Amino acid sequence: MSVEGKNRVMTTHRLLEMKRNGEKIAMITAYDYTMASIVNEANIDIILVGDSAANVMAGHETTLPITIDQMIYHAQSVMRAVKNPLVVVDMPFGTYQGNSKFALSNAIRIMKESEADAVKLEGGQEVLESIERILCAGIPVMGHLGLTPQSIHKFGTYAVRAKEEAEAAKLIEDALALEEAGCFALVLEKIPAELGRKVAEKLTIPVIGIGAGRHVDGQVLVMHDMLGLTNNFSPKFLRRYANLHDECLKAFSQYVEDVKNQDFPNEKEQY
Ligand code: KIV
């Protein structure tokens, strides 16, 4: 698919080409204008307006409470900043499970009100009818299998998924069904690397991993985790590229001290 007239460099068609050429795909989450502007400058391929906003932006324990209005607000903020990457928006919990007509109207709302490029849904064959209906309306869909955080109450834990043969076989079946339905890409979260490799080899669409090993077609990380803004979350798969928690704490503490000591503002910092 191409987004003619929008000058968008990244398209779902280009992502397929990248997979065919063995070029790795870099994806990251973003939720606001300022950070999305920086990500845009960094030549990222895909921005995910993830429902992880419920955790890192709003402080909820799970992703379940975030609403479609809140997701649209985050997506609109990101879209104002973004020129090149493809922007994918998570459909929040309760907006697509069980009723495919409701799913379609929610996907249309996200696309119309945010002007993003695609939506992402968690789950396999259980949500296939919703995925097919959304695709019929011409909306590109990214799938998400493995650890699907919207099902945390069913799983009961954030541990690695599909270590057992039966769950791995179901995951492969689901991945093939999502490709067959017409999804343009698939996220695999927290599964054994060998299973990630197997799925990436079986599918022609790009497979993007988060804790799914090095043999998939691309990687995604949650921005706040990879920047080290969160310091209470250290899964094995996470590489921290900065320690912004400590940097921010240092800056805030220095500011408080400077105000209290009447060091800020100084002569040059006033009119
Ligand atoms: O919401 C999110 O950030 C996600 C990623 C973990 C893939 O779905």
# chains A, B, ... in the order shown; residues from 1 in each chain; ligands from 1
>>> residues_around(residues="Met10 (chain A)", least_positions_apart="2", cutoff="8 Å", atoms="only C-alpha atoms", output="list in words")
Arg8, Thr12, Arg14, Leu15, Asp45, Ile46, Asn84, Pro85 and Leu86 of chain A
>>> residues_near_ligand(ligand="ligand 1", cutoff="9 Å", atoms="only C-alpha atoms and all ligand atoms", output="ChimeraX atom specification")
/A:27-30,48-55,63,89-90,120-122,144,147-149,187-189,208-210,220-223
>>> closest_residue(among="A:Val56, A:Met18, A:Val160, A:Ile72", to="Asn231 (chain A)", atoms="only C-alpha atoms")
A:Val56
>>> closest_residue(among="A:Gln76, A:Glu132, A:Phe237, A:Asn261", to="Ala36 (chain A)", atoms="only C-alpha atoms")
A:Gln76
>>> select_by_dssp(residues="region 49-183 of chain A", states="strand (DSSP E or B)", output="ChimeraX atom specification")
/A:49,86-90,118-120,141-146
>>> residues_around(residues="Ser105 (chain A)", least_positions_apart="5", cutoff="12 Å", atoms="only C-alpha atoms", output="PyMOL selection string")
chain A and resi 68+91+95-96+99-100+110-113+130+133-134+137+139
>>> closest_residue(among="A:Ser253, A:Ser77, A:Gln219, A:Asn266", to="Lys24 (chain A)", atoms="only C-alpha atoms")
A:Gln219
>>> atom_distance(atom1="CA of Lys190 (chain A)", atom2="CA of Met35 (chain A)")
25.4 Å
>>> select_by_dssp(residues="region 107-170 of chain A", states="alpha helix (DSSP H)", output="PyMOL selection string")
chain A and resi 107-114+128-136+152-155+165-170
>>> closest_residue(among="A:Leu178, A:Ile152, A:Ala169, A:Ala75", to="Glu126 (chain A)", atoms="only C-alpha atoms")
A:Leu178
>>> atom_distance(atom1="CA of Gly22 (chain A)", atom2="CA of Val78 (chain A)")
28.3 Å
>>> residues_around(residues="Pro235 (chain A)", least_positions_apart="5", cutoff="10 Å", atoms="only C-alpha atoms", output="ChimeraX atom specification")
/A:158-159,190,211,225
>>> write_last_selection(atoms="N, CA and C atoms", output="mmCIF file, in the first residue's frame")
data_model
loop_
_atom_site.group_PDB
_atom_site.id
_atom_site.type_symbol
_atom_site.label_atom_id
_atom_site.label_comp_id
_atom_site.auth_asym_id
_atom_site.auth_seq_id
_atom_site.Cartn_x
_atom_site.Cartn_y
_atom_site.Cartn_z
ATOM 1 N N TYR A 158 3.212 -12.137 33.484
ATOM 2 C CA TYR A 158 3.879 -11.587 32.298
ATOM 3 C C TYR A 158 5.064 -12.474 31.864
ATOM 4 N N ALA A 159 5.033 -13.760 32.265
ATOM 5 C CA ALA A 159 6.139 -14.680 31.920
ATOM 6 C C ALA A 159 6.165 -14.981 30.419
ATOM 7 N N LYS A 190 7.555 -11.604 23.726
ATOM 8 C CA LYS A 190 8.039 -12.475 24.808
ATOM 9 C C LYS A 190 7.787 -13.961 24.556
ATOM 10 N N GLY A 211 11.225 -9.100 22.708
ATOM 11 C CA GLY A 211 11.515 -10.303 23.485
ATOM 12 C C GLY A 211 11.227 -11.562 22.698
ATOM 13 N N ASP A 225 10.933 2.583 28.386
ATOM 14 C CA ASP A 225 11.815 1.530 28.890
ATOM 15 C C ASP A 225 13.202 1.656 28.273
#
>>> residues_around(residues="region 193-201 of chain A", least_positions_apart="5", cutoff="12 Å", atoms="only C-alpha atoms", output="PyMOL selection string")
chain A and resi 19-20+22+24+145-146+160-165+167-179+185-188+206-219+237
>>> write_last_selection(atoms="C-alpha atoms", output="PDB file, in the first residue's frame")
ATOM      1  CA  LYS A  19      11.430  -8.255   4.664  1.00  0.00           C
ATOM      2  CA  ARG A  20      12.117  -9.671   1.188  1.00  0.00           C
ATOM      3  CA  GLY A  22      16.462  -8.915   4.612  1.00  0.00           C
ATOM      4  CA  LYS A  24      15.704  -5.112   9.567  1.00  0.00           C
ATOM      5  CA  LEU A 145       0.650 -12.678  19.329  1.00  0.00           C
ATOM      6  CA  GLY A 146       2.614 -14.275  22.170  1.00  0.00           C
ATOM      7  CA  VAL A 160       7.471 -15.923  28.556  1.00  0.00           C
ATOM      8  CA  ARG A 161       4.666 -17.415  26.414  1.00  0.00           C
ATOM      9  CA  ALA A 162       4.551 -20.475  24.141  1.00  0.00           C
ATOM     10  CA  LYS A 163       7.357 -22.446  25.804  1.00  0.00           C
ATOM     11  CA  GLU A 164       5.161 -25.563  25.628  1.00  0.00           C
ATOM     12  CA  GLU A 165       4.634 -27.315  22.301  1.00  0.00           C
ATOM     13  CA  GLU A 167       0.924 -23.186  22.778  1.00  0.00           C
ATOM     14  CA  ALA A 168       3.740 -22.822  20.231  1.00  0.00           C
ATOM     15  CA  ALA A 169       1.747 -24.805  17.645  1.00  0.00           C
ATOM     16  CA  LYS A 170      -1.341 -22.628  18.280  1.00  0.00           C
ATOM     17  CA  LEU A 171       0.802 -19.483  17.895  1.00  0.00           C
ATOM     18  CA  ILE A 172       2.106 -20.682  14.507  1.00  0.00           C
ATOM     19  CA  GLU A 173      -1.440 -21.495  13.357  1.00  0.00           C
ATOM     20  CA  ASP A 174      -2.634 -18.063  14.485  1.00  0.00           C
ATOM     21  CA  ALA A 175       0.283 -16.328  12.729  1.00  0.00           C
ATOM     22  CA  LEU A 176      -0.526 -18.117   9.464  1.00  0.00           C
ATOM     23  CA  ALA A 177      -4.225 -17.214   9.837  1.00  0.00           C
ATOM     24  CA  LEU A 178      -3.365 -13.538  10.378  1.00  0.00           C
ATOM     25  CA  GLU A 179      -1.145 -13.501   7.280  1.00  0.00           C
ATOM     26  CA  ALA A 185       2.854  -7.312   9.774  1.00  0.00           C
ATOM     27  CA  LEU A 186       2.883  -9.171  13.057  1.00  0.00           C
ATOM     28  CA  VAL A 187       4.262  -8.333  16.508  1.00  0.00           C
ATOM     29  CA  LEU A 188       5.493 -11.287  18.581  1.00  0.00           C
ATOM     30  CA  PRO A 206       7.350  -8.847   8.491  1.00  0.00           C
ATOM     31  CA  VAL A 207       7.513 -10.247  12.017  1.00  0.00           C
ATOM     32  CA  ILE A 208       8.538  -7.658  14.592  1.00  0.00           C
ATOM     33  CA  GLY A 209       9.671  -8.906  17.971  1.00  0.00           C
ATOM     34  CA  ILE A 210       9.754  -7.611  21.509  1.00  0.00           C
ATOM     35  CA  GLY A 211      11.515 -10.303  23.485  1.00  0.00           C
ATOM     36  CA  ALA A 212      11.182 -12.689  20.519  1.00  0.00           C
ATOM     37  CA  GLY A 213      14.903 -13.013  19.776  1.00  0.00           C
ATOM     38  CA  ARG A 214      17.236 -11.808  17.039  1.00  0.00           C
ATOM     39  CA  HIS A 215      15.985 -13.863  14.090  1.00  0.00           C
ATOM     40  CA  VAL A 216      12.736 -11.986  13.447  1.00  0.00           C
ATOM     41  CA  ASP A 217      12.437  -9.221  10.822  1.00  0.00           C
ATOM     42  CA  GLY A 218      12.493  -6.245  13.180  1.00  0.00           C
ATOM     43  CA  GLN A 219      12.360  -5.087  16.787  1.00  0.00           C
ATOM     44  CA  PHE A 237      14.985  -8.574  26.473  1.00  0.00           C
TER      45      PHE A 237
END
>>> atom_distance(atom1="CA of Gly124 (chain A)", atom2="CA of Pro65 (chain A)")
21.6 Å
